[in-house]
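So the structure is just underneath, and the comments pick up after that.
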Amino acid sequence: MRPEPAPLPTADPIADHVTITPSVLYVGTPVALLSTLNPDGSTNISPMSSAWALFDRVVLGLTASSKGRENAVRERELVINFPTPDLWSRVEALARTTGRDPVPRHKVRIGYEFEPEKFDRSGFTPLASEIVMPQRIAECPIQFEAEVMDVHEPGGEWPGERPEAYQIIEARVVRVHAHRRVVIPGTNHIDTARWSPLLYVFRHYFGTGPDLGRTFKAEA
């Protein structure tokens with residue numbers, strides 16, 4: 001039996017609102033580990049959560065000082081790896097690291113440090129890609145090899161102090177890899193009863209809950 005949704009905290013959903021100014025707008029997006037190629041041929045790993053998909057494209061938001069952004073724009077290819085909730089501590093092990101040397105001044109102030117060996121630091125296992133050069137992350141059940149199609153600058157005016165500059169990268173997925181255990185046998189469909197992404201919710205890590213239902217477009 002499908003679980004009942006949690007009751008609202010008030011019987012008046014119209015009146016029960018307050019105006020707030022949160023420092024971030026991460027209401028809940030999947031964590032992605034971006035693999036990109038360093039100039040020396042090694043693979044850099046960048047944890048991120050600003051990624052969303054539309055057909056065969058994935059749109060990525062990356063800060064200008066990110067080594068992953070620099071590598072992706074230069075090499076025009078990358079791998080988007082999606083970890084599971086049990087991998088959150090390995091993701092967090094990379095959170096304060098950067099592939100940039102020297103470390104940008106604003107990152108030094110909040111405790112970042114240069115780390116050239118991201119696989120060693122996190123305990124992840126490198127796996128060769130089939131089309132692009134950056135390595136995949138073996139422990140991540142879903143991996144997208146992708147090519148950079150375009151890079152966009154953010155538009156509009158900022159209402160207050162402008163945050164760190166960033167770019168929006170449009171990538172085309174050219175190959176998808178998945179662990180057998182999350183694929184419905186004999187199909188191209190992900191088994192949603194077995195696949196659970198790691199979610200980033202207002203700077204906290206979460207997993208997903210039970211299946212609540214499916215959209216009319218669902219194929220399986």
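As shown in the structure tokens, the chain order sets the letters A, B, ...; within each chain, residues go from 1, and ligands are also counted from 1 in the order they appear.
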>> Just want the 6 Å neighbourhood of A:Lys67, counted on only C-alpha atoms, with same-chain residues fewer than 3 positions away dropped. Output as a ChimeraX atom specification.
In response: /A:70,99-100
Write a file of the just-selected residues containing N, CA and C atoms, as an mmCIF file, in the first residue's frame.
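Written out: out.cif:
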data_model
loop_
_atom_site.group_PDB
_atom_site.id
_atom_site.type_symbol
_atom_site.label_atom_id
_atom_site.label_comp_id
_atom_site.auth_asym_id
_atom_site.auth_seq_id
_atom_site.Cartn_x
_atom_site.Cartn_y
_atom_site.Cartn_z
ATOM 1 N N GLU A 70 37.287 24.847 -15.705
ATOM 2 C CA GLU A 70 38.412 25.176 -16.574
ATOM 3 C C GLU A 70 38.751 24.006 -17.498
ATOM 4 N N GLY A 99 41.528 21.343 -7.467
ATOM 5 C CA GLY A 99 42.633 20.980 -8.347
ATOM 6 C C GLY A 99 43.438 22.181 -8.792
ATOM 7 N N ARG A 100 43.092 23.368 -8.297
ATOM 8 C CA ARG A 100 43.802 24.590 -8.689
ATOM 9 C C ARG A 100 44.972 24.853 -7.737
#
Write out as a compact mmCIF listing (two decimals) with N, CA and C atoms, in the first residue's frame which residues come within 6 Å of stretch 29-33 of chain A when counting only C-alpha atoms, dropping same-chain ones fewer than 2 positions away.
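Done, and the output landed in part.txt:
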# COMPACT_ATOMS: atom_id res chain seq x y z
N SER A 46 35.27 16.90 -9.41
CA SER A 46 34.65 18.08 -8.80
C SER A 46 33.25 17.74 -8.29
N PRO A 47 33.01 17.75 -6.97
CA PRO A 47 31.64 17.55 -6.47
C PRO A 47 30.79 18.76 -6.83
N MET A 48 29.55 18.52 -7.23
CA MET A 48 28.66 19.61 -7.57
C MET A 48 27.21 19.16 -7.42
N SER A 49 26.30 20.12 -7.38
CA SER A 49 24.88 19.76 -7.29
C SER A 49 24.02 20.57 -8.25
N ILE A 80 29.90 12.78 -16.07
CA ILE A 80 29.05 13.14 -14.94
C ILE A 80 28.71 11.84 -14.21
N ASN A 81 29.24 11.67 -13.01
CA ASN A 81 29.05 10.46 -12.22
C ASN A 81 28.04 10.75 -11.11
N PHE A 82 27.09 9.84 -10.91
CA PHE A 82 26.05 10.05 -9.91
C PHE A 82 26.21 9.04 -8.77
N LEU A 198 22.14 10.35 -4.41
CA LEU A 198 22.50 11.18 -3.27
C LEU A 198 21.99 12.59 -3.55
N LEU A 199 21.22 13.14 -2.62
CA LEU A 199 20.63 14.46 -2.81
C LEU A 199 21.32 15.51 -1.93
N TYR A 200 21.38 16.72 -2.47
CA TYR A 200 21.97 17.85 -1.76
C TYR A 200 20.84 18.82 -1.45
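Of the residues under consideration (A:Ala15, A:Ala51, A:Leu62, A:Val148), A:Val148 shows the shortest atom-to-atom contact distance to A:Val173 when counting only C-alpha atoms.
Compared by their closest atoms to A:Arg74, and using only C-alpha atoms, the residues A:Ile184, A:Leu87, A:Val151, A:Val176 rank with A:Val151 nearest.
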>> If we count only C-alpha atoms and set the cut-off at 12 Å, which residues sit around A:Phe202, ignoring sequence neighbours fewer than 6 positions away in its own chain? Please answer as an NGL selection string.
In response: :A and (22-30 or 49)
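Secondary structure from DSSP on the backbone puts strand (DSSP E) at the following positions of stretch 99-161 of chain A: Glu113, Phe114, Pro126, Leu127, Arg136, Ile137, Ile142, Gln143, Phe144, Glu145, Ala146, Glu147, Val148, Met149, Asp150, Val151 and His152 of chain A.
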> Do you know which residues are at most 12 Å from A:Ala128 counting only C-alpha atoms, after dropping those on the same chain fewer than 2 positions away, and could you put them as a list of chain:residue names?
Replying inline: A:Ser35, A:Ser42, A:Thr43, A:Val79, A:Thr125, A:Pro126, A:Glu130, A:Ile131, A:Val132, A:Met133, A:Pro134, A:Gln135, A:Arg136, A:Ile137, A:Ala138, A:Gln143, A:Glu145, A:His177
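Across the structure, atom CA of A:His204 and atom CA of A:Pro116 are spaced 25.7 Å apart.
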> So which bits of stretch 50-210 of chain A end up helix (DSSP H, G or I) when you DSSP the backbone, as number ranges by chain?
Replying inline: A: 67-75, 85-95, 105-108, 118-122, 180-182
Limited to N, CA and C atoms, could you put the picked residues into a file as an mmCIF file, in the first residue's frame?
data_model
loop_
_atom_site.group_PDB
_atom_site.id
_atom_site.type_symbol
_atom_site.label_atom_id
_atom_site.label_comp_id
_atom_site.auth_asym_id
_atom_site.auth_seq_id
_atom_site.Cartn_x
_atom_site.Cartn_y
_atom_site.Cartn_z
ATOM 1 N N LYS A 67 38.360 24.134 -11.034
ATOM 2 C CA LYS A 67 39.263 23.438 -11.952
ATOM 3 C C LYS A 67 38.454 22.586 -12.923
ATOM 4 N N GLY A 68 37.355 22.026 -12.451
ATOM 5 C CA GLY A 68 36.491 21.234 -13.328
ATOM 6 C C GLY A 68 35.928 22.061 -14.467
ATOM 7 N N ARG A 69 35.509 23.297 -14.173
ATOM 8 C CA ARG A 69 35.005 24.182 -15.230
ATOM 9 C C ARG A 69 36.107 24.497 -16.230
ATOM 10 N N GLU A 70 37.287 24.847 -15.705
ATOM 11 C CA GLU A 70 38.412 25.176 -16.574
ATOM 12 C C GLU A 70 38.751 24.006 -17.498
ATOM 13 N N ASN A 71 38.817 22.804 -16.927
ATOM 14 C CA ASN A 71 39.145 21.619 -17.727
ATOM 15 C C ASN A 71 38.072 21.320 -18.768
ATOM 16 N N ALA A 72 36.804 21.406 -18.357
ATOM 17 C CA ALA A 72 35.699 21.083 -19.261
ATOM 18 C C ALA A 72 35.652 22.038 -20.444
ATOM 19 N N VAL A 73 35.853 23.319 -20.192
ATOM 20 C CA VAL A 73 35.816 24.317 -21.264
ATOM 21 C C VAL A 73 37.004 24.126 -22.210
ATOM 22 N N ARG A 74 38.153 23.792 -21.660
ATOM 23 C CA ARG A 74 39.347 23.608 -22.498
ATOM 24 C C ARG A 74 39.273 22.326 -23.320
ATOM 25 N N GLU A 75 38.920 21.206 -22.691
ATOM 26 C CA GLU A 75 38.942 19.908 -23.367
ATOM 27 C C GLU A 75 37.638 19.570 -24.087
ATOM 28 N N PRO A 85 23.543 7.416 -1.818
ATOM 29 C CA PRO A 85 23.634 8.011 -0.483
ATOM 30 C C PRO A 85 24.746 7.441 0.386
ATOM 31 N N ASP A 86 25.058 6.144 0.242
ATOM 32 C CA ASP A 86 26.098 5.546 1.083
ATOM 33 C C ASP A 86 27.501 6.073 0.754
ATOM 34 N N LEU A 87 27.635 6.804 -0.340
ATOM 35 C CA LEU A 87 28.935 7.353 -0.737
ATOM 36 C C LEU A 87 29.131 8.801 -0.271
ATOM 37 N N TRP A 88 28.211 9.307 0.530
ATOM 38 C CA TRP A 88 28.250 10.732 0.872
ATOM 39 C C TRP A 88 29.543 11.139 1.566
ATOM 40 N N SER A 89 30.091 10.270 2.406
ATOM 41 C CA SER A 89 31.309 10.642 3.123
ATOM 42 C C SER A 89 32.503 10.749 2.173
ATOM 43 N N ARG A 90 32.506 9.962 1.101
ATOM 44 C CA ARG A 90 33.582 10.069 0.105
ATOM 45 C C ARG A 90 33.432 11.365 -0.695
ATOM 46 N N VAL A 91 32.182 11.731 -0.967
ATOM 47 C CA VAL A 91 31.940 13.009 -1.634
ATOM 48 C C VAL A 91 32.418 14.158 -0.753
ATOM 49 N N GLU A 92 32.070 14.093 0.526
ATOM 50 C CA GLU A 92 32.446 15.151 1.449
ATOM 51 C C GLU A 92 33.959 15.224 1.629
ATOM 52 N N ALA A 93 34.651 14.087 1.455
ATOM 53 C CA ALA A 93 36.116 14.090 1.547
ATOM 54 C C ALA A 93 36.739 14.973 0.467
ATOM 55 N N LEU A 94 36.008 15.207 -0.613
ATOM 56 C CA LEU A 94 36.491 16.065 -1.696
ATOM 57 C C LEU A 94 35.994 17.499 -1.588
ATOM 58 N N ALA A 95 35.065 17.744 -0.665
ATOM 59 C CA ALA A 95 34.367 19.030 -0.626
ATOM 60 C C ALA A 95 35.303 20.212 -0.419
ATOM 61 N N ARG A 105 42.240 32.728 -3.602
ATOM 62 C CA ARG A 105 42.253 33.385 -2.293
ATOM 63 C C ARG A 105 40.939 33.219 -1.538
ATOM 64 N N HIS A 106 39.818 33.366 -2.236
ATOM 65 C CA HIS A 106 38.532 33.266 -1.545
ATOM 66 C C HIS A 106 38.279 31.849 -1.042
ATOM 67 N N LYS A 107 38.892 30.846 -1.679
ATOM 68 C CA LYS A 107 38.737 29.470 -1.204
ATOM 69 C C LYS A 107 39.679 29.181 -0.039
ATOM 70 N N VAL A 108 40.823 29.820 -0.028
ATOM 71 C CA VAL A 108 41.729 29.673 1.113
ATOM 72 C C VAL A 108 41.035 30.132 2.387
ATOM 73 N N LYS A 118 42.698 13.242 -6.551
ATOM 74 C CA LYS A 118 41.333 13.179 -6.029
ATOM 75 C C LYS A 118 40.857 11.732 -5.797
ATOM 76 N N PHE A 119 41.273 10.797 -6.637
ATOM 77 C CA PHE A 119 40.867 9.405 -6.436
ATOM 78 C C PHE A 119 41.455 8.860 -5.132
ATOM 79 N N ASP A 120 42.716 9.147 -4.873
ATOM 80 C CA ASP A 120 43.339 8.688 -3.638
ATOM 81 C C ASP A 120 42.685 9.336 -2.430
ATOM 82 N N ARG A 121 42.393 10.592 -2.523
ATOM 83 C CA ARG A 121 41.810 11.332 -1.398
ATOM 84 C C ARG A 121 40.436 10.788 -1.024
ATOM 85 N N SER A 122 39.648 10.423 -2.010
ATOM 86 C CA SER A 122 38.269 9.986 -1.768
ATOM 87 C C SER A 122 38.118 8.480 -1.611
ATOM 88 N N ARG A 180 24.753 -3.063 -13.267
ATOM 89 C CA ARG A 180 23.714 -4.036 -13.623
ATOM 90 C C ARG A 180 22.574 -4.067 -12.618
ATOM 91 N N ARG A 181 22.922 -3.887 -11.347
ATOM 92 C CA ARG A 181 21.895 -4.035 -10.309
ATOM 93 C C ARG A 181 20.836 -2.928 -10.351
ATOM 94 N N VAL A 182 21.096 -1.814 -11.055
ATOM 95 C CA VAL A 182 20.083 -0.763 -11.114
ATOM 96 C C VAL A 182 19.395 -0.714 -12.480
#
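The space separating atom CA of A:Ile45 from atom CA of A:Tyr205 comes to 18.3 Å.
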>> Here is a test: counting only C-alpha atoms, which residue of A:Ala171, A:Val183, A:Ala218, A:Leu78 is nearest to A:Trp52?
In response: A:Ala171
>> Quick one: residues within 10 Å of A:Ala165, only C-alpha atoms, excluding same-chain residues fewer than 3 positions away - as a ChimeraX atom specification?
In response: /A:62-65,153-154,162
With C-alpha atoms retained, export the selected residues as a PDB file, in the first residue's frame.
ATOM      1  CA  LEU A  62      30.151  25.766 -12.222  1.00  0.00           C
ATOM      2  CA  THR A  63      32.017  28.590 -10.512  1.00  0.00           C
ATOM      3  CA  ALA A  64      34.651  30.395 -12.557  1.00  0.00           C
ATOM      4  CA  SER A  65      37.429  29.323 -10.172  1.00  0.00           C
ATOM      5  CA  GLU A 153      27.510  33.504 -19.118  1.00  0.00           C
ATOM      6  CA  PRO A 154      24.764  34.247 -16.562  1.00  0.00           C
ATOM      7  CA  ARG A 162      27.407  39.667  -6.928  1.00  0.00           C
TER       8      ARG A 162
END
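Using only C-alpha atoms, the nearest neighbour of A:Gly61 within the list A:Pro83, A:Pro197, A:Glu139, A:Leu34 is A:Leu34.
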> Which residue, A:Glu77, A:Asp150, A:Pro141, A:Arg172, has the smallest gap to A:Asp56 when you use only C-alpha atoms?
Replying inline: A:Arg172
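Each of A:Asp40, A:Asp16, A:Asp101, A:Asp191 was compared to A:Glu115 using only C-alpha atoms, and A:Asp101 turns out to be the nearest.
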